[in-house]
>>> print(open('protein24.cif').read())   # mmCIF, C-alpha atoms
data_target
loop_
_atom_site.label_atom_id
_atom_site.label_comp_id
_atom_site.auth_asym_id
_atom_site.auth_seq_id
_atom_site.Cartn_x
_atom_site.Cartn_y
_atom_site.Cartn_z
CA MET A 1 -94.19 131.82 -62.86
CA ASN A 2 -97.83 132.83 -62.38
CA LEU A 3 -100.74 130.75 -61.14
CA ASN A 4 -101.90 129.93 -64.69
CA HIS A 5 -98.53 128.38 -65.50
CA ILE A 6 -98.60 126.28 -62.34
CA LEU A 7 -102.15 125.06 -63.08
CA LYS A 8 -101.20 124.14 -66.66
CA TRP A 9 -98.09 122.30 -65.45
CA GLU A 10 -100.18 120.47 -62.85
CA ALA A 11 -102.85 119.48 -65.42
CA LYS A 12 -100.17 118.24 -67.84
CA ASN A 13 -98.55 116.06 -65.19
CA MET A 14 -101.90 114.75 -63.98
CA LYS A 15 -102.69 113.67 -67.55
CA LYS A 16 -99.36 111.85 -67.72
CA LEU A 17 -100.18 110.06 -64.46
CA GLN A 18 -103.66 109.08 -65.66
CA ASN A 19 -102.20 107.67 -68.87
CA LEU A 20 -99.96 105.23 -67.03
CA LYS A 21 -100.27 101.86 -68.71
CA LEU A 22 -100.12 98.36 -67.26
CA LEU A 23 -97.09 96.21 -68.01
CA PRO A 24 -97.35 93.57 -70.80
CA ASN A 25 -98.89 90.17 -70.00
CA ARG A 26 -95.54 88.30 -70.25
CA VAL A 27 -94.35 90.27 -67.19
CA LYS A 28 -96.97 88.43 -65.13
CA GLY A 29 -95.28 85.09 -65.91
CA ILE A 30 -91.87 86.54 -65.02
CA GLY A 31 -93.33 87.92 -61.77
CA ILE A 32 -94.85 84.55 -60.80
CA ILE A 33 -91.52 82.77 -61.44
CA MET A 34 -89.75 85.42 -59.33
CA VAL A 35 -92.30 84.94 -56.50
CA VAL A 36 -91.67 81.17 -56.50
CA ILE A 37 -87.88 81.66 -56.56
CA SER A 38 -87.94 84.18 -53.71
CA LEU A 39 -90.24 81.95 -51.61
CA ILE A 40 -87.89 78.99 -52.12
CA ALA A 41 -84.89 81.21 -51.32
CA LEU A 42 -86.65 82.47 -48.18
CA ILE A 43 -87.08 78.90 -46.93
CA ALA A 44 -83.81 77.41 -48.18
CA GLY A 45 -81.70 80.51 -47.41
CA LYS A 46 -81.55 79.66 -43.72
CA PHE A 47 -79.50 76.56 -44.51
CA LEU A 48 -77.51 77.96 -47.43
CA PHE A 49 -76.23 81.38 -46.33
CA ALA A 50 -74.13 82.29 -43.33
CA ASP A 51 -75.24 85.95 -43.35
CA TYR A 52 -78.91 85.06 -43.54
CA HIS A 53 -80.19 88.35 -42.06
CA THR A 54 -78.91 90.51 -44.98
CA ILE A 55 -79.91 87.94 -47.58
CA ARG A 56 -83.38 87.74 -46.05
CA LEU A 57 -83.84 91.51 -46.45
CA LEU A 58 -82.88 91.25 -50.12
CA ILE A 59 -85.19 88.28 -50.70
CA LYS A 60 -88.08 90.15 -49.02
CA ASN A 61 -87.48 93.08 -51.40
CA LEU A 62 -87.39 90.70 -54.35
CA LEU A 63 -90.65 89.12 -53.19
CA LEU A 64 -92.36 92.52 -52.95
CA ILE A 65 -91.13 93.57 -56.41
CA SER A 66 -92.25 90.23 -57.88
CA LEU A 67 -95.74 90.57 -56.38
CA LEU A 68 -95.93 94.15 -57.65
CA LEU A 69 -94.99 92.98 -61.16
CA VAL A 70 -97.77 90.38 -61.06
CA SER A 71 -100.17 93.00 -59.73
CA ILE A 72 -99.53 95.67 -62.38
CA SER A 73 -99.25 93.48 -65.45
CA ARG A 74 -102.04 93.08 -67.97
CA ASP A 75 -104.34 90.07 -68.22
CA LYS A 76 -104.56 88.09 -71.47
CA VAL A 77 -107.82 89.90 -72.25
CA GLU A 78 -107.87 93.27 -70.53
CA ASP A 79 -111.20 95.07 -70.93
CA GLU A 80 -113.29 97.56 -68.98
CA LEU A 81 -114.69 94.95 -66.60
CA THR A 82 -111.21 93.74 -65.59
CA LEU A 83 -110.23 97.40 -65.10
CA VAL A 84 -113.21 97.92 -62.76
CA LEU A 85 -112.35 94.71 -60.85
CA ARG A 86 -108.69 95.78 -60.68
CA LEU A 87 -109.62 99.17 -59.20
CA GLN A 88 -112.00 97.53 -56.72
CA SER A 89 -109.25 95.13 -55.65
CA TYR A 90 -106.80 98.00 -55.01
CA GLY A 91 -109.45 99.80 -52.95
CA PHE A 92 -110.23 96.67 -50.96
CA ALA A 93 -106.51 95.96 -50.41
CA PHE A 94 -105.93 99.53 -49.20
CA ILE A 95 -108.76 99.38 -46.65
CA THR A 96 -107.81 95.90 -45.35
CA GLY A 97 -104.15 97.02 -45.23
CA VAL A 98 -105.00 99.91 -42.93
CA VAL A 99 -107.15 97.67 -40.70
CA TYR A 100 -104.41 95.00 -40.67
CA ALA A 101 -101.74 97.54 -39.69
CA MET A 102 -103.90 98.73 -36.79
CA VAL A 103 -105.21 95.38 -35.51
CA GLN A 104 -102.31 92.96 -36.11
CA PRO A 105 -99.90 94.39 -33.45
CA PHE A 106 -102.63 94.01 -30.80
CA ALA A 107 -103.46 90.50 -32.02
CA ASN A 108 -99.75 89.62 -31.79
CA LEU A 109 -99.62 91.04 -28.27
CA LEU A 110 -102.69 89.06 -27.22
CA VAL A 111 -101.42 85.77 -28.66
CA GLU A 112 -97.95 86.26 -27.19
CA SER A 113 -99.36 87.05 -23.75
CA ILE A 114 -101.39 83.83 -23.85
CA ILE A 115 -98.50 81.66 -25.07
CA SER A 116 -95.51 83.19 -23.29
CA ASP A 117 -94.99 83.31 -19.51
CA GLU A 118 -92.58 86.26 -19.76
CA THR A 119 -93.63 89.90 -20.03
CA VAL A 120 -94.57 90.68 -23.60
CA THR A 121 -93.78 93.98 -25.32
CA PHE A 122 -95.78 95.83 -27.94
CA THR A 123 -94.09 95.78 -31.35
CA GLU A 124 -95.10 97.81 -34.41
CA LEU A 125 -95.56 96.03 -37.73
CA ASP A 126 -92.84 96.02 -40.37
CA VAL A 127 -93.78 98.18 -43.42
CA LYS A 128 -92.85 95.37 -45.78
CA GLN A 129 -95.14 92.97 -43.94
CA VAL A 130 -98.07 95.36 -44.47
CA LEU A 131 -97.18 95.84 -48.14
CA PHE A 132 -96.88 92.08 -48.60
CA PHE A 133 -100.30 91.63 -46.99
CA MET A 134 -101.85 94.35 -49.19
CA LEU A 135 -100.42 92.88 -52.39
CA LEU A 136 -101.62 89.39 -51.42
CA VAL A 137 -105.11 90.70 -50.65
CA GLN A 138 -105.20 92.66 -53.93
CA LEU A 139 -104.15 89.67 -56.02
CA SER A 140 -106.50 87.26 -54.23
CA TYR A 141 -109.48 89.65 -54.45
CA PHE A 142 -108.79 90.34 -58.14
CA THR A 143 -108.40 86.65 -58.99
CA PHE A 144 -111.54 85.72 -57.03
CA THR A 145 -113.77 88.44 -58.53
CA LYS A 146 -112.47 87.65 -62.02
CA ARG A 147 -113.50 84.03 -61.53
CA MET A 148 -116.94 85.08 -60.29
CA ARG A 149 -117.73 87.48 -63.16
CA MET B 150 -131.05 97.95 -65.71
CA GLN B 151 -132.18 95.18 -68.01
CA ASN B 152 -130.91 94.37 -71.47
CA THR B 153 -131.91 92.32 -74.47
CA ILE B 154 -128.42 91.23 -75.55
CA LYS B 155 -129.27 87.53 -75.25
CA VAL B 156 -132.31 87.97 -77.49
CA GLU B 157 -130.36 90.06 -80.02
CA ARG B 158 -127.62 87.45 -80.04
CA ALA B 159 -130.19 84.75 -80.73
CA ILE B 160 -131.60 86.79 -83.64
CA LEU B 161 -128.14 87.15 -85.19
CA ASP B 162 -127.32 83.57 -84.16
CA ILE B 163 -123.98 84.43 -82.59
CA THR B 164 -122.38 83.07 -79.42
CA GLN B 165 -121.13 85.13 -76.47
CA GLU B 166 -117.59 84.42 -77.66
CA GLU B 167 -118.29 85.76 -81.16
CA LEU B 168 -119.98 88.87 -79.81
CA ALA B 169 -117.10 89.44 -77.40
CA GLU B 170 -114.58 89.15 -80.23
CA GLN B 171 -116.44 91.68 -82.36
CA ILE B 172 -116.59 94.33 -79.66
CA CYS B 173 -113.11 93.59 -78.24
CA VAL B 174 -114.03 92.38 -74.73
CA SER B 175 -113.84 89.01 -73.00
CA ARG B 176 -116.63 86.41 -73.12
CA GLN B 177 -116.95 86.75 -69.34
CA THR B 178 -117.74 90.45 -69.71
CA ILE B 179 -120.61 89.66 -72.11
CA ASN B 180 -121.86 87.02 -69.67
CA SER B 181 -121.76 89.54 -66.79
CA ILE B 182 -123.65 92.13 -68.83
CA GLU B 183 -126.29 89.60 -69.92
CA LYS B 184 -126.83 88.51 -66.32
CA ASN B 185 -127.09 92.17 -65.18
CA ARG B 186 -124.06 91.83 -62.93
CA TYR B 187 -122.20 94.56 -64.79
CA VAL B 188 -123.42 97.78 -66.40
CA PRO B 189 -121.26 98.55 -69.44
CA SER B 190 -119.71 101.94 -70.16
CA THR B 191 -121.35 104.27 -72.68
CA ILE B 192 -118.73 103.38 -75.30
CA LEU B 193 -119.33 99.65 -74.91
CA ALA B 194 -123.13 100.14 -74.92
CA LEU B 195 -122.82 102.16 -78.16
CA ARG B 196 -120.58 99.48 -79.71
CA ILE B 197 -123.13 96.78 -78.81
CA SER B 198 -126.03 98.82 -80.20
CA ALA B 199 -124.09 99.53 -83.42
CA LEU B 200 -123.42 95.83 -83.87
CA PHE B 201 -127.09 94.93 -83.42
CA LYS B 202 -128.13 97.95 -85.54
CA LYS B 203 -130.49 99.20 -82.82
CA THR B 204 -130.49 102.21 -80.52
CA VAL B 205 -129.01 101.92 -77.02
CA ASN B 206 -132.48 102.48 -75.53
CA GLU B 207 -133.82 99.47 -77.38
CA ILE B 208 -131.16 97.20 -75.91
CA PHE B 209 -130.71 98.67 -72.43
CA VAL B 210 -133.88 99.43 -70.50
CA LEU B 211 -134.02 101.19 -67.13
CA GLU B 212 -135.99 99.51 -64.36
CA GLU B 213 -138.13 101.37 -61.86
CA ALA B 214 -135.42 101.14 -59.20
CA ASP B 215 -132.99 102.97 -61.52
CA TYR B 216 -135.08 106.16 -61.62
#
>>> encode(input="protein24.cif", output="structure tokens")
Amino acid sequence: MNLNHILKWEAKNMKKLQNLKLLPNRVKGIGIIMVVISLIALIAGKFLFADYHTIRLLIKNLLLISLLLVSISRDKVEDELTLVLRLQSYGFAFITGVVYAMVQPFANLLVESIISDETVTFTELDVKQVLFFMLLVQLSYFTFTKRMR
Amino acid sequence: MQNTIKVERAILDITQEELAEQICVSRQTINSIEKNRYVPSTILALRISALFKKTVNEIFVLEEADY
């Protein structure tokens, strides 16, 4: 396999990636219903399940998938302006996600040291918590800018 | 960049909604373009100019700050 072949293969796959389409609009409704169900399950699960820890992990995964479905599904009218706003919202969510991941552990440490009398330890953020934050920021930013257009 | 979409719409006597329908975008996108909050892509600008039967330069005019 020479360099030309590799470059052609790379270009072909890049084109495939660029042609990725958003999911149909009805998926957004399904995603929203799933978000509501997982939020209710997250609250009610404590009282309903004995093995809450495992169930909680599953519900958190479900919540992330639901938010992702809402995030990558089409709007009723999807045009070039919504595409621009969508891209801006992903960029904004990425930047705030990085800042959140860096700042939040220190903020937690500070708050805990003020509240608690015991020695507090530094804890890293959970990946899912950061992803949840990023998806929430993306959806909020997108919804807000769409309303302002 | 300024544009004369509002004037052209008035000449043809069509609403933002009707214009949006004809060029396959949302009414909000037309509103954003008219208020200079959004600069349309070349394809959309060409579609608008074709609809109004004018050149793109007649509808979209660069301001001094754009040079």
>>> closest_atom_pairs(input="protein24.cif", of="chain B", to="chain A", cutoff="9 Å", atoms="all atoms listed in the file", output="tab-separated table")
residue	atom	partner	partner_atom	distance
B:Cys173	CA	A:Asp79	CA	7.7
B:Val174	CA	A:Asp79	CA	5.4
B:Ser175	CA	A:Val77	CA	6.1
B:Gln177	CA	A:Arg149	CA	6.3
B:Thr178	CA	A:Leu81	CA	6.3
B:Asn180	CA	A:Arg149	CA	7.7
B:Ser181	CA	A:Arg149	CA	5.8
B:Arg186	CA	A:Arg149	CA	7.7
B:Tyr187	CA	A:Leu81	CA	7.7
B:Pro189	CA	A:Leu81	CA	8.0
B:Ser190	CA	A:Glu80	CA	7.9
B:Leu193	CA	A:Glu80	CA	8.7
>>> write_last_selection(input="protein24.cif", atoms="C-alpha atoms", output="mmCIF file, keeping the file's coordinate frame")
data_model
loop_
_atom_site.group_PDB
_atom_site.id
_atom_site.type_symbol
_atom_site.label_atom_id
_atom_site.label_comp_id
_atom_site.auth_asym_id
_atom_site.auth_seq_id
_atom_site.Cartn_x
_atom_site.Cartn_y
_atom_site.Cartn_z
ATOM 1 C CA CYS B 173 -113.110 93.590 -78.240
ATOM 2 C CA VAL B 174 -114.030 92.380 -74.730
ATOM 3 C CA SER B 175 -113.840 89.010 -73.000
ATOM 4 C CA GLN B 177 -116.950 86.750 -69.340
ATOM 5 C CA THR B 178 -117.740 90.450 -69.710
ATOM 6 C CA ASN B 180 -121.860 87.020 -69.670
ATOM 7 C CA SER B 181 -121.760 89.540 -66.790
ATOM 8 C CA ARG B 186 -124.060 91.830 -62.930
ATOM 9 C CA TYR B 187 -122.200 94.560 -64.790
ATOM 10 C CA PRO B 189 -121.260 98.550 -69.440
ATOM 11 C CA SER B 190 -119.710 101.940 -70.160
ATOM 12 C CA LEU B 193 -119.330 99.650 -74.910
#
>>> atom_distance(input="protein24.cif", atom1="CA of Leu62 (chain A)", atom2="CA of Ala101 (chain A)")
21.6 Å
>>> atom_distance(input="protein24.cif", atom1="CA of Ser71 (chain A)", atom2="CA of Val36 (chain A)")
14.9 Å
>>> atom_distance(input="protein24.cif", atom1="CA of Asn25 (chain A)", atom2="CA of Gly97 (chain A)")
26.2 Å
>>> closest_residue(input="protein24.cif", among="B:Ile208, B:Ile154, B:Leu200, B:Val188", to="Gln171 (chain B)", atoms="only C-alpha atoms")
B:Leu200
>>> resolve_selection(input="protein24.cif", expression="the PyMOL selection byres ((chain A and resi 120-122) around 10)", output="PyMOL selection string")
chain A and resi 105-106+108-119+123-125
>>> write_last_selection(input="protein24.cif", atoms="C-alpha atoms", output="PDB file, in the frame of the given file")
ATOM      1  CA  PRO A 105     -99.900  94.390 -33.450  1.00  0.00           C
ATOM      2  CA  PHE A 106    -102.630  94.010 -30.800  1.00  0.00           C
ATOM      3  CA  ASN A 108     -99.750  89.620 -31.790  1.00  0.00           C
ATOM      4  CA  LEU A 109     -99.620  91.040 -28.270  1.00  0.00           C
ATOM      5  CA  LEU A 110    -102.690  89.060 -27.220  1.00  0.00           C
ATOM      6  CA  VAL A 111    -101.420  85.770 -28.660  1.00  0.00           C
ATOM      7  CA  GLU A 112     -97.950  86.260 -27.190  1.00  0.00           C
ATOM      8  CA  SER A 113     -99.360  87.050 -23.750  1.00  0.00           C
ATOM      9  CA  ILE A 114    -101.390  83.830 -23.850  1.00  0.00           C
ATOM     10  CA  ILE A 115     -98.500  81.660 -25.070  1.00  0.00           C
ATOM     11  CA  SER A 116     -95.510  83.190 -23.290  1.00  0.00           C
ATOM     12  CA  ASP A 117     -94.990  83.310 -19.510  1.00  0.00           C
ATOM     13  CA  GLU A 118     -92.580  86.260 -19.760  1.00  0.00           C
ATOM     14  CA  THR A 119     -93.630  89.900 -20.030  1.00  0.00           C
ATOM     15  CA  THR A 123     -94.090  95.780 -31.350  1.00  0.00           C
ATOM     16  CA  GLU A 124     -95.100  97.810 -34.410  1.00  0.00           C
ATOM     17  CA  LEU A 125     -95.560  96.030 -37.730  1.00  0.00           C
TER      18      LEU A 125
END
>>> resolve_selection(input="protein24.cif", expression="the PyMOL selection byres ((chain A and resi 140) around 12)", output="MDAnalysis selection string")
chainID A and resid 67 70:71 85:86 88:90 92:93 133:139 141:147
>>> write_last_selection(input="protein24.cif", atoms="C-alpha atoms", output="mmCIF file, in the coordinates of the input")
data_model
loop_
_atom_site.group_PDB
_atom_site.id
_atom_site.type_symbol
_atom_site.label_atom_id
_atom_site.label_comp_id
_atom_site.auth_asym_id
_atom_site.auth_seq_id
_atom_site.Cartn_x
_atom_site.Cartn_y
_atom_site.Cartn_z
ATOM 1 C CA LEU A 67 -95.740 90.570 -56.380
ATOM 2 C CA VAL A 70 -97.770 90.380 -61.060
ATOM 3 C CA SER A 71 -100.170 93.000 -59.730
ATOM 4 C CA LEU A 85 -112.350 94.710 -60.850
ATOM 5 C CA ARG A 86 -108.690 95.780 -60.680
ATOM 6 C CA GLN A 88 -112.000 97.530 -56.720
ATOM 7 C CA SER A 89 -109.250 95.130 -55.650
ATOM 8 C CA TYR A 90 -106.800 98.000 -55.010
ATOM 9 C CA PHE A 92 -110.230 96.670 -50.960
ATOM 10 C CA ALA A 93 -106.510 95.960 -50.410
ATOM 11 C CA PHE A 133 -100.300 91.630 -46.990
ATOM 12 C CA MET A 134 -101.850 94.350 -49.190
ATOM 13 C CA LEU A 135 -100.420 92.880 -52.390
ATOM 14 C CA LEU A 136 -101.620 89.390 -51.420
ATOM 15 C CA VAL A 137 -105.110 90.700 -50.650
ATOM 16 C CA GLN A 138 -105.200 92.660 -53.930
ATOM 17 C CA LEU A 139 -104.150 89.670 -56.020
ATOM 18 C CA TYR A 141 -109.480 89.650 -54.450
ATOM 19 C CA PHE A 142 -108.790 90.340 -58.140
ATOM 20 C CA THR A 143 -108.400 86.650 -58.990
ATOM 21 C CA PHE A 144 -111.540 85.720 -57.030
ATOM 22 C CA THR A 145 -113.770 88.440 -58.530
ATOM 23 C CA LYS A 146 -112.470 87.650 -62.020
ATOM 24 C CA ARG A 147 -113.500 84.030 -61.530
#
>>> residues_around(input="protein24.cif", residues="Asn185 (chain B)", least_positions_apart="5", cutoff="10 Å", atoms="only C-alpha atoms", output="NGL selection string")
:B and (150-152 or 179-180)
>>> write_last_selection(input="protein24.cif", atoms="C-alpha atoms", output="JSON list (two decimals), in the coordinates of the input")
[["chain", "number", "residue", "atom", "x", "y", "z"],
["B", 150, "MET", "CA", -131.05, 97.95, -65.71],
["B", 151, "GLN", "CA", -132.18, 95.18, -68.01],
["B", 152, "ASN", "CA", -130.91, 94.37, -71.47],
["B", 179, "ILE", "CA", -120.61, 89.66, -72.11],
["B", 180, "ASN", "CA", -121.86, 87.02, -69.67]]
>>> resolve_selection(input="protein24.cif", expression="the PyMOL selection byres ((chain A and resi 42) around 10)", output="PyMOL selection string")
chain A and resi 36-41+43-47+52+55-60+63
>>> closest_residue(input="protein24.cif", among="A:Leu22, A:Val98, A:Ala50, A:Leu68", to="Met34 (chain A)", atoms="all atoms listed in the file")
A:Leu68
>>> residues_around(input="protein24.cif", residues="region 155-158 of chain B", least_positions_apart="3", cutoff="7 Å", atoms="all atoms listed in the file", output="ChimeraX atom specification")
/B:161-164,183,201
>>> write_last_selection(input="protein24.cif", atoms="C-alpha atoms", output="compact mmCIF listing (two decimals), in the frame of the given file")
# COMPACT_ATOMS: atom_id res chain seq x y z
CA LEU B 161 -128.14 87.15 -85.19
CA ASP B 162 -127.32 83.57 -84.16
CA ILE B 163 -123.98 84.43 -82.59
CA THR B 164 -122.38 83.07 -79.42
CA GLU B 183 -126.29 89.60 -69.92
CA PHE B 201 -127.09 94.93 -83.42
>>> residues_around(input="protein24.cif", residues="Ser73 (chain A)", least_positions_apart="4", cutoff="8 Å", atoms="all atoms listed in the file", output="number ranges by chain")
A: 22-28, 69
>>> build_atoms(input="protein24.cif", residues="region 46-62 of chain A", atoms="N, CA and C atoms", output="PDB file, in the frame of the given file")
ATOM      1  N   LYS A  46     -81.965  79.890 -45.112  1.00  0.00           N
ATOM      2  CA  LYS A  46     -81.550  79.660 -43.720  1.00  0.00           C
ATOM      3  C   LYS A  46     -80.412  78.643 -43.659  1.00  0.00           C
ATOM      4  N   PHE A  47     -80.499  77.640 -44.529  1.00  0.00           N
ATOM      5  CA  PHE A  47     -79.500  76.560 -44.510  1.00  0.00           C
ATOM      6  C   PHE A  47     -78.331  76.842 -45.449  1.00  0.00           C
ATOM      7  N   LEU A  48     -78.539  77.740 -46.409  1.00  0.00           N
ATOM      8  CA  LEU A  48     -77.510  77.960 -47.430  1.00  0.00           C
ATOM      9  C   LEU A  48     -76.557  79.108 -47.125  1.00  0.00           C
ATOM     10  N   PHE A  49     -77.073  80.196 -46.517  1.00  0.00           N
ATOM     11  CA  PHE A  49     -76.230  81.380 -46.330  1.00  0.00           C
ATOM     12  C   PHE A  49     -75.854  81.601 -44.866  1.00  0.00           C
ATOM     13  N   ALA A  50     -74.601  82.008 -44.690  1.00  0.00           N
ATOM     14  CA  ALA A  50     -74.130  82.290 -43.330  1.00  0.00           C
ATOM     15  C   ALA A  50     -74.730  83.611 -42.830  1.00  0.00           C
ATOM     16  N   ASP A  51     -74.689  84.638 -43.715  1.00  0.00           N
ATOM     17  CA  ASP A  51     -75.240  85.950 -43.350  1.00  0.00           C
ATOM     18  C   ASP A  51     -76.711  86.004 -43.780  1.00  0.00           C
ATOM     19  N   TYR A  52     -77.519  85.216 -43.115  1.00  0.00           N
ATOM     20  CA  TYR A  52     -78.910  85.060 -43.540  1.00  0.00           C
ATOM     21  C   TYR A  52     -79.723  86.340 -43.382  1.00  0.00           C
ATOM     22  N   HIS A  53     -79.404  87.144 -42.365  1.00  0.00           N
ATOM     23  CA  HIS A  53     -80.190  88.350 -42.060  1.00  0.00           C
ATOM     24  C   HIS A  53     -80.207  89.315 -43.260  1.00  0.00           C
ATOM     25  N   THR A  54     -79.007  89.589 -43.831  1.00  0.00           N
ATOM     26  CA  THR A  54     -78.910  90.510 -44.980  1.00  0.00           C
ATOM     27  C   THR A  54     -79.583  89.902 -46.202  1.00  0.00           C
ATOM     28  N   ILE A  55     -79.317  88.625 -46.419  1.00  0.00           N
ATOM     29  CA  ILE A  55     -79.910  87.940 -47.580  1.00  0.00           C
ATOM     30  C   ILE A  55     -81.434  87.965 -47.476  1.00  0.00           C
ATOM     31  N   ARG A  56     -81.934  87.779 -46.266  1.00  0.00           N
ATOM     32  CA  ARG A  56     -83.380  87.740 -46.050  1.00  0.00           C
ATOM     33  C   ARG A  56     -84.034  89.075 -46.440  1.00  0.00           C
ATOM     34  N   LEU A  57     -83.339  90.182 -46.084  1.00  0.00           N
ATOM     35  CA  LEU A  57     -83.840  91.510 -46.450  1.00  0.00           C
ATOM     36  C   LEU A  57     -83.948  91.644 -47.969  1.00  0.00           C
ATOM     37  N   LEU A  58     -82.896  91.176 -48.655  1.00  0.00           N
ATOM     38  CA  LEU A  58     -82.880  91.250 -50.120  1.00  0.00           C
ATOM     39  C   LEU A  58     -83.987  90.395 -50.726  1.00  0.00           C
ATOM     40  N   ILE A  59     -84.154  89.193 -50.164  1.00  0.00           N
ATOM     41  CA  ILE A  59     -85.190  88.280 -50.700  1.00  0.00           C
ATOM     42  C   ILE A  59     -86.586  88.878 -50.469  1.00  0.00           C
ATOM     43  N   LYS A  60     -86.776  89.522 -49.307  1.00  0.00           N
ATOM     44  CA  LYS A  60     -88.080  90.150 -49.020  1.00  0.00           C
ATOM     45  C   LYS A  60     -88.371  91.248 -50.039  1.00  0.00           C
ATOM     46  N   ASN A  61     -87.322  92.033 -50.377  1.00  0.00           N
ATOM     47  CA  ASN A  61     -87.480  93.080 -51.400  1.00  0.00           C
ATOM     48  C   ASN A  61     -87.841  92.473 -52.741  1.00  0.00           C
ATOM     49  N   LEU A  62     -87.149  91.389 -53.080  1.00  0.00           N
ATOM     50  CA  LEU A  62     -87.390  90.700 -54.350  1.00  0.00           C
ATOM     51  C   LEU A  62     -88.836  90.179 -54.402  1.00  0.00           C
TER      52      LEU A  62
END
